[in-house]
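Undergrad: Data file start.txt (compact mmCIF, C-alpha atoms) is appended below.
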# COMPACT_ATOMS: atom_id res chain seq x y z
CA MET A 1 39.47 112.13 183.79
CA ASN A 2 39.10 110.62 180.32
CA ALA A 3 41.13 112.53 177.76
CA GLY A 4 39.49 110.57 174.92
CA THR A 5 40.24 112.03 171.55
CA ARG A 6 40.22 115.67 172.68
CA LEU A 7 43.97 116.01 172.72
CA GLY A 8 45.89 119.16 171.82
CA LEU A 9 49.46 119.18 170.57
CA TYR A 10 51.89 118.03 173.27
CA GLY A 11 55.59 117.35 173.36
CA LEU A 12 56.14 116.63 169.68
CA GLY A 13 59.73 115.50 169.27
CA VAL A 14 61.12 114.40 165.94
CA VAL A 15 64.67 113.21 165.50
CA VAL A 16 66.14 111.44 162.48
CA ALA A 17 69.12 109.07 162.54
CA PHE A 18 70.75 107.08 159.76
CA GLY A 19 72.40 103.71 160.31
CA GLY A 20 74.53 101.13 158.62
CA ALA A 21 75.13 97.47 159.22
CA PHE A 22 78.65 97.12 160.56
CA GLY A 23 80.41 96.75 163.90
CA ILE A 24 80.84 94.00 166.48
CA ALA A 25 79.60 93.58 170.02
CA GLY A 26 81.55 95.82 172.38
CA ALA A 27 83.54 97.42 169.53
CA THR A 28 83.69 100.98 168.25
CA VAL A 29 82.60 101.98 164.77
CA PRO A 30 85.61 104.01 163.53
CA ASP A 31 84.99 107.74 163.07
CA SER A 32 86.35 107.54 159.52
CA ALA A 33 83.93 104.75 158.68
CA ALA A 34 81.04 106.64 160.22
CA ALA A 35 81.90 109.72 158.16
CA ALA A 36 82.10 107.72 154.95
CA TRP A 37 78.85 105.95 155.80
CA THR A 38 77.09 109.29 156.37
CA GLU A 39 78.38 110.77 153.12
CA GLY A 40 77.27 107.72 151.16
CA SER A 41 73.88 107.25 152.74
CA GLU A 42 70.86 106.44 150.64
CA LEU A 43 69.26 109.76 151.48
CA ASN A 44 72.23 111.79 150.23
CA GLU A 45 72.70 109.80 147.04
CA HIS A 46 69.09 109.71 145.83
CA VAL A 47 67.74 113.26 146.01
CA PRO A 48 64.37 114.08 144.42
CA GLU A 49 64.41 117.07 142.08
CA ASN A 50 61.90 118.98 144.23
CA MET A 51 64.15 118.94 147.31
CA GLU A 52 66.13 122.19 147.44
CA SER A 53 69.31 122.21 149.55
CA THR A 54 68.49 118.70 150.72
CA SER A 55 72.10 117.60 151.18
CA ALA A 56 72.81 120.50 153.54
CA ALA A 57 69.61 119.82 155.43
CA MET A 58 70.31 116.13 155.92
CA ASN A 59 73.82 116.85 157.19
CA THR A 60 72.36 118.85 160.10
CA VAL A 61 69.92 116.29 161.49
CA ASN A 62 70.53 114.60 164.83
CA GLY A 63 71.61 111.02 165.42
CA LEU A 64 73.75 110.50 162.32
CA ALA A 65 76.65 108.86 164.10
CA LEU A 66 78.25 107.84 167.37
CA GLY A 67 79.39 111.40 168.17
CA ALA A 68 77.88 114.89 167.99
CA ASP A 69 78.34 118.30 169.65
CA GLY A 70 81.41 117.11 171.55
CA PHE A 71 79.73 114.00 173.00
CA VAL A 72 80.43 110.37 172.05
CA LEU A 73 78.65 107.08 172.65
CA SER A 74 81.37 104.74 173.94
CA PRO A 75 81.91 101.13 172.80
CA ILE A 76 78.96 98.98 173.86
CA GLY A 77 79.45 95.92 176.02
CA ALA A 78 76.87 93.17 175.50
CA PRO A 79 76.61 89.36 175.33
CA ALA A 80 78.19 88.03 172.15
CA VAL A 81 75.65 85.31 171.34
CA PRO A 82 71.89 84.71 171.80
CA GLY A 83 70.73 83.04 174.99
CA GLN A 84 73.68 84.25 177.08
CA PRO A 85 72.55 86.25 180.14
CA GLY A 86 74.57 89.38 180.81
CA LYS A 87 74.25 93.12 180.61
CA MET A 88 74.47 95.93 178.09
CA SER A 89 76.73 98.75 179.21
CA PHE A 90 78.19 101.96 177.79
CA GLN A 91 79.15 105.54 178.62
CA ILE A 92 78.36 108.93 177.18
CA GLN A 93 81.70 110.74 177.03
CA ASP A 94 82.58 114.39 176.50
CA ALA A 95 85.27 115.79 174.21
CA ALA A 96 87.95 115.06 176.82
CA GLY A 97 86.91 111.42 177.08
CA THR A 98 85.35 111.89 180.51
CA ALA A 99 82.14 110.02 181.24
CA VAL A 100 79.11 112.28 181.59
CA THR A 101 77.26 111.90 184.91
CA ARG A 102 74.83 114.85 184.84
CA TYR A 103 71.76 114.81 182.60
CA THR A 104 68.54 116.74 182.12
CA THR A 105 65.51 114.53 182.67
CA ALA A 106 63.19 114.22 179.67
CA HIS A 107 59.95 112.24 179.81
CA GLU A 108 60.76 111.05 183.33
CA LYS A 109 64.11 109.47 182.39
CA ASP A 110 67.68 110.71 181.95
CA LEU A 111 68.30 108.36 179.02
CA HIS A 112 66.13 106.33 176.68
CA LEU A 113 67.67 103.33 174.94
CA ILE A 114 66.20 101.95 171.71
CA VAL A 115 67.56 98.65 170.33
CA VAL A 116 66.35 97.01 167.11
CA ARG A 117 67.68 94.49 164.61
CA SER A 118 68.54 95.75 161.13
CA ASP A 119 65.48 94.05 159.62
CA GLY A 120 63.20 95.91 162.05
CA SER A 121 62.53 92.96 164.36
CA GLU A 122 63.46 92.54 168.05
CA PHE A 123 62.51 96.11 169.02
CA ARG A 124 63.13 97.14 172.63
CA HIS A 125 62.78 100.46 174.46
CA VAL A 126 64.44 100.31 177.88
CA HIS A 127 65.89 102.60 180.54
CA PRO A 128 69.31 101.60 181.88
CA THR A 129 70.70 102.61 185.26
CA LEU A 130 73.56 105.11 185.65
CA ASP A 131 76.51 104.42 187.97
CA GLN A 132 77.29 107.93 189.17
CA THR A 133 80.84 106.93 190.16
CA THR A 134 81.96 105.58 186.79
CA GLY A 135 79.42 107.26 184.50
CA THR A 136 78.49 103.85 183.08
CA TRP A 137 74.94 103.05 181.98
CA SER A 138 73.91 99.40 182.27
CA THR A 139 70.86 97.14 182.04
CA PRO A 140 70.38 93.36 182.22
CA TRP A 141 70.49 91.99 178.68
CA GLU A 142 70.03 88.77 176.77
CA TRP A 143 69.72 88.51 173.00
CA THR A 144 66.90 86.32 171.68
CA HIS A 145 68.20 86.02 168.12
CA ALA A 146 71.43 86.62 166.21
CA GLY A 147 71.85 89.53 163.84
CA ASN A 148 73.09 93.06 163.35
CA TYR A 149 71.51 95.48 165.84
CA ARG A 150 71.27 99.26 166.03
CA VAL A 151 71.53 100.86 169.48
CA PHE A 152 70.18 104.42 169.90
CA ALA A 153 70.97 106.42 173.06
CA ASP A 154 68.51 109.33 173.40
CA PHE A 155 69.48 111.85 176.12
CA THR A 156 70.21 115.45 177.11
CA PRO A 157 73.51 116.24 178.88
CA ALA A 158 73.12 118.87 181.61
CA GLY A 159 73.54 122.30 180.07
CA ALA A 160 73.52 120.99 176.49
CA GLU A 161 71.07 120.19 173.71
CA ALA A 162 69.21 116.90 173.31
CA LEU A 163 71.12 114.26 171.34
CA THR A 164 70.57 110.86 169.78
CA LEU A 165 73.79 108.88 169.28
CA THR A 166 74.03 105.42 167.76
CA ARG A 167 76.28 102.39 167.39
CA THR A 168 75.94 98.98 165.76
CA VAL A 169 76.33 95.65 167.57
CA GLU A 170 76.83 92.28 165.88
CA VAL A 171 75.37 89.20 167.61
CA ALA A 172 76.90 85.96 166.33
CA GLY A 173 74.81 83.14 164.93
CA ASP A 174 72.54 82.18 162.07
CA VAL A 175 70.14 84.91 161.01
CA ALA A 176 66.67 84.41 159.55
CA PRO A 177 65.63 87.85 158.22
CA VAL A 178 62.07 88.98 158.89
CA ALA A 179 60.17 90.39 155.88
CA GLN A 180 58.17 93.51 156.71
CA GLU A 181 54.85 93.83 154.89
CA PRO A 182 52.30 96.67 155.26
CA SER A 183 50.17 96.15 158.36
CA ARG A 184 47.80 98.50 160.20
CA VAL A 185 46.54 96.13 162.91
CA ASP A 186 48.47 94.23 165.58
CA GLN A 187 47.30 91.73 168.17
CA VAL A 188 49.40 92.05 171.31
CA ASP A 189 48.81 90.69 174.82
CA GLY A 190 45.07 90.39 174.24
CA PHE A 191 44.73 93.88 172.75
CA SER A 192 43.81 94.73 169.17
CA VAL A 193 45.66 97.89 168.19
CA SER A 194 45.20 99.68 164.87
CA VAL A 195 46.58 102.79 163.19
CA ASP A 196 44.71 105.18 160.88
CA GLY A 197 46.22 108.00 158.84
CA GLU A 198 48.91 108.44 156.21
CA LEU A 199 52.59 109.30 156.35
CA VAL A 200 53.68 111.91 153.79
CA ALA A 201 57.38 112.63 153.36
CA GLY A 202 58.60 115.99 154.58
CA THR A 203 55.41 117.13 156.28
CA PRO A 204 53.91 116.55 159.73
CA SER A 205 51.49 113.63 159.43
CA GLY A 206 48.66 112.89 161.83
CA LEU A 207 48.18 109.29 162.93
CA THR A 208 45.42 107.92 165.16
CA ILE A 209 46.02 104.80 167.22
CA SER A 210 42.96 102.85 168.42
CA VAL A 211 43.08 100.30 171.25
CA ALA A 212 40.48 97.59 171.87
CA ARG A 213 40.23 94.44 173.99
CA ASP A 214 37.73 91.62 173.55
CA GLY A 215 35.98 93.70 170.89
CA GLU A 216 35.42 96.63 173.24
CA PRO A 217 37.19 100.03 173.06
CA VAL A 218 39.79 100.60 175.78
CA THR A 219 39.41 103.94 177.57
CA THR A 220 41.91 103.24 180.35
CA VAL A 221 45.21 103.89 178.57
CA GLU A 222 47.46 105.30 181.29
CA PRO A 223 50.27 107.87 181.16
CA TYR A 224 53.62 106.30 180.42
CA LEU A 225 56.78 108.41 180.71
CA GLY A 226 54.74 111.60 180.69
CA ALA A 227 52.49 110.82 177.72
CA PHE A 228 49.65 108.51 176.69
CA GLY A 229 51.94 106.59 174.38
CA HIS A 230 55.29 106.61 172.62
CA LEU A 231 55.61 106.00 168.91
CA VAL A 232 58.89 105.23 167.13
CA ALA A 233 59.09 104.91 163.33
CA LEU A 234 62.10 103.36 161.59
CA ARG A 235 62.60 103.64 157.85
CA GLU A 236 63.13 100.22 156.32
CA GLY A 237 66.57 99.85 154.75
CA ASP A 238 68.69 102.29 156.75
CA LEU A 239 66.62 102.61 159.96
CA ALA A 240 66.16 106.36 159.77
CA TYR A 241 64.66 107.10 163.19
CA VAL A 242 61.57 109.22 163.87
CA HIS A 243 60.35 109.51 167.47
CA ALA A 244 56.99 111.20 168.10
CA HIS A 245 54.71 111.43 171.12
CA ALA A 246 50.99 111.37 171.72
CA GLU A 247 49.28 114.69 171.16
CA GLY A 248 47.63 116.43 174.06
CA GLN A 249 48.61 118.23 177.22
CA GLU A 250 50.93 116.43 179.59
CA PRO A 251 48.72 114.02 181.53
CA ARG A 252 48.39 114.15 185.28
CA ALA A 253 48.34 111.24 187.70
CA GLY A 254 45.06 109.40 187.37
CA ASP A 255 44.30 110.65 183.85
CA THR A 256 43.38 108.09 181.23
CA ALA A 257 42.85 108.15 177.47
CA GLY A 258 41.48 106.03 174.65
CA PRO A 259 40.29 104.33 172.67
CA ASN A 260 41.83 106.81 170.20
CA ILE A 261 45.19 108.49 170.72
CA GLY A 262 46.61 111.00 168.24
CA PHE A 263 50.25 111.28 167.17
CA THR A 264 52.17 113.53 164.83
CA ALA A 265 55.29 112.29 163.05
CA GLN A 266 57.36 113.47 160.10
CA ALA A 267 58.94 110.97 157.72
CA PRO A 268 62.15 112.29 156.12
CA THR A 269 61.51 110.60 152.75
CA ALA A 270 59.00 108.37 151.00
CA GLY A 271 59.40 104.68 151.73
CA ARG A 272 58.38 101.93 154.11
CA TYR A 273 58.35 102.66 157.85
CA LEU A 274 58.22 100.25 160.77
CA LEU A 275 56.19 101.68 163.65
CA TYR A 276 56.39 100.65 167.31
CA LEU A 277 53.87 101.88 169.88
CA ASP A 278 54.51 101.64 173.63
CA PHE A 279 51.30 102.06 175.66
CA GLN A 280 50.32 101.26 179.23
CA VAL A 281 47.13 99.70 180.63
CA ASP A 282 46.66 98.43 184.20
CA GLY A 283 50.28 99.25 185.00
CA GLN A 284 51.67 97.06 182.21
CA VAL A 285 53.50 98.38 179.15
CA HIS A 286 52.70 96.75 175.80
CA THR A 287 54.30 97.25 172.38
CA ALA A 288 52.27 97.13 169.17
CA GLN A 289 53.94 97.07 165.74
CA PHE A 290 52.77 98.37 162.36
CA VAL A 291 54.21 98.85 158.87
CA LEU A 292 53.21 101.91 156.80
CA ASP A 293 54.35 103.26 153.44
CA ALA A 294 55.06 107.01 153.35
CA ALA A 295 53.99 108.82 150.19
CA HIS A 296 56.14 111.34 148.33
CA GLY A 297 55.86 114.95 149.42
CA ASP A 298 57.69 118.27 149.29
CA ILE A 299 60.54 118.81 151.74
CA THR A 300 61.45 122.48 152.01
CA ASP A 301 62.73 122.68 155.58
CA SER A 302 65.52 120.87 157.36
CA PRO A 303 64.23 117.94 159.46
CA SER A 304 66.38 119.30 162.29
CA GLU A 305 64.16 122.38 162.51
CA SER A 306 61.30 120.13 163.65
CA HIS A 307 63.41 118.60 166.43
CA THR A 308 62.21 120.08 169.68
CA GLU A 309 63.11 117.22 172.02
CA GLY A 310 65.34 114.17 171.90
CA HIS A 311 62.68 111.76 173.07
Taking this structure as input, can you express it in the form of structure tokens?
TA:
Amino acid sequence: MNAGTRLGLYGLGVVVAFGGAFGIAGATVPDSAAAAWTEGSELNEHVPENMESTSAAMNTVNGLALGADGFVLSPIGAPAVPGQPGKMSFQIQDAAGTAVTRYTTAHEKDLHLIVVRSDGSEFRHVHPTLDQTTGTWSTPWEWTHAGNYRVFADFTPAGAEALTLTRTVEVAGDVAPVAQEPSRVDQVDGFSVSVDGELVAGTPSGLTISVARDGEPVTTVEPYLGAFGHLVALREGDLAYVHAHAEGQEPRAGDTAGPNIGFTAQAPTAGRYLLYLDFQVDGQVHTAQFVLDAAHGDITDSPSESHTEGH
């Protein structure tokens, strides 16, 4: 079955997180520092006149810090320098400090881990393994380059709401920042992937991703984690995090889509956004990257009201 472009709205999840650039590998960002960071964030300090009750709205969005709703992302263990093989490990702990071992599966996984450097480079979306005895999540890990990294854990504890918690990890070494310029086309693994559509702050924005190979449209995009693609957008500067999914009904085994795949995402404010698309063809997952500028728009509702899923 070829889903093509006839895709209805499916599984739209939007979650916004705000990050800073502090912390060290395997160390906790203090709660007091996280609170001060949240209160002094760019979004809270620079409020457009047409945004009513914006401060209250932004204080209710998910993923603002390392803890929320009685759950905490533990200190993160990871290699300290680039080129050192090892693993990334952490726990999700409850209010009593006990590691959580029961989760509700979302998009075929109990936890989604997003890691990206503060300049928007080095993006990875992986799925660590849970040790049911200790409640520790872990995955093989090796840093390619030094820098300050944001780690997002996206999950749903059993019997609770979906959450996105975050910490910062510092990887020692010389850093060469990557400048992000507007780009709507990416060449990745022999595919030419482009994005059409505009982001407008505070309103759901439709984006269409097109996939081609050797000049021919690709119509064999396969389901990946319960959808025909996963799109993450990070706001340049503070890495506000927007996670949206391909539109359309949940695909069944054997379904394919393409060359056009629709997405809906909501940018919290105007500004530059770094987009990362995970898509699967012939059993292989590929990641295309784009840079879009979101235009100004009216924001009358809390971004948290649009959050229906954590992934």
Undergrad: Could you state the separation of atom CA of A:Lys109 and atom CA of A:Thr156 in Å, given to one decimal place?
TA: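 About the pair atom CA of A:Lys109 and atom CA of A:Thr156: they are 10.0 Å apart.
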Undergrad: Counting all atoms listed in the file, select every polymer residue within 8 Å of (71.7, 96.3, 182.9) as defined in the file's coordinates, and provide the selection as a list in words.
TA: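 In the file's frame, the residues around the point are Gly86, Lys87, Met88, Ser89, Pro128, Thr129, Trp137, Ser138, Thr139, Pro140 and Trp141 of chain A.
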Undergrad: Looking at all atoms listed in the file, which of A:Thr166, A:Thr144, A:Thr256, A:Gln289 is the one that sits closest to A:Ser183?
TA: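 Closest to A:Ser183 of all the choices is A:Gln289.
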Undergrad: Using only C-alpha atoms, pick whichever of A:Phe123, A:Phe191, A:Phe90, A:Tyr276 has the shortest atom-to-atom distance to A:Ala153.
TA: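 Distance minimum relative to A:Ala153 lands on A:Phe90.
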Undergrad: Taking all listed atoms of stretch 64-73 of chain A, build the axis-aligned box, pad each of the six sides by 3 Å, then write its centre and edge lengths in Å to one decimal as AutoDock Vina command-line options.
TA:
--center_x 77.6 --center_y 112.7 --center_z 167.7 --size_x 13.7 --size_y 17.2 --size_z 16.7
Undergrad: Of the candidates A:Thr287, A:Asp110, A:Val81, A:Asp69, which one gets nearest to A:Gln93 if we count only C-alpha atoms?
TA: A:Asp69
Undergrad: Report as JSON lines: every residue of stretch 74-156 of chain A with an atom at most 12 Å from stretch 226-239 of chain A, its closest pair of atoms, and their distance in Å to one decimal, counting only C-alpha atoms, with rows sorted by chain and ascending residue number.
TA:
{"residue": "A:Thr105", "atom": "CA", "partner": "A:Gly226", "partner_atom": "CA", "distance": 11.3}
{"residue": "A:Ala106", "atom": "CA", "partner": "A:Gly226", "partner_atom": "CA", "distance": 8.9}
{"residue": "A:His107", "atom": "CA", "partner": "A:Gly226", "partner_atom": "CA", "distance": 5.3}
{"residue": "A:Glu108", "atom": "CA", "partner": "A:Gly226", "partner_atom": "CA", "distance": 6.6}
{"residue": "A:Lys109", "atom": "CA", "partner": "A:Gly226", "partner_atom": "CA", "distance": 9.8}
{"residue": "A:His112", "atom": "CA", "partner": "A:His230", "partner_atom": "CA", "distance": 11.6}
{"residue": "A:Leu113", "atom": "CA", "partner": "A:Val232", "partner_atom": "CA", "distance": 11.9}
{"residue": "A:Ile114", "atom": "CA", "partner": "A:Val232", "partner_atom": "CA", "distance": 9.2}
{"residue": "A:Val115", "atom": "CA", "partner": "A:Leu239", "partner_atom": "CA", "distance": 11.1}
{"residue": "A:Val116", "atom": "CA", "partner": "A:Leu239", "partner_atom": "CA", "distance": 9.1}
{"residue": "A:Arg117", "atom": "CA", "partner": "A:Leu239", "partner_atom": "CA", "distance": 9.4}
{"residue": "A:Ser118", "atom": "CA", "partner": "A:Leu239", "partner_atom": "CA", "distance": 7.2}
{"residue": "A:Asp119", "atom": "CA", "partner": "A:Glu236", "partner_atom": "CA", "distance": 7.4}
{"residue": "A:Gly120", "atom": "CA", "partner": "A:Glu236", "partner_atom": "CA", "distance": 7.2}
{"residue": "A:Ser121", "atom": "CA", "partner": "A:Leu234", "partner_atom": "CA", "distance": 10.8}
{"residue": "A:Phe123", "atom": "CA", "partner": "A:Val232", "partner_atom": "CA", "distance": 10.0}
{"residue": "A:Arg124", "atom": "CA", "partner": "A:Val232", "partner_atom": "CA", "distance": 10.7}
{"residue": "A:His125", "atom": "CA", "partner": "A:Val232", "partner_atom": "CA", "distance": 9.6}
{"residue": "A:Tyr149", "atom": "CA", "partner": "A:Leu239", "partner_atom": "CA", "distance": 10.5}
{"residue": "A:Arg150", "atom": "CA", "partner": "A:Leu239", "partner_atom": "CA", "distance": 8.3}
{"residue": "A:Val151", "atom": "CA", "partner": "A:Leu239", "partner_atom": "CA", "distance": 10.9}
{"residue": "A:Phe152", "atom": "CA", "partner": "A:Leu239", "partner_atom": "CA", "distance": 10.7}
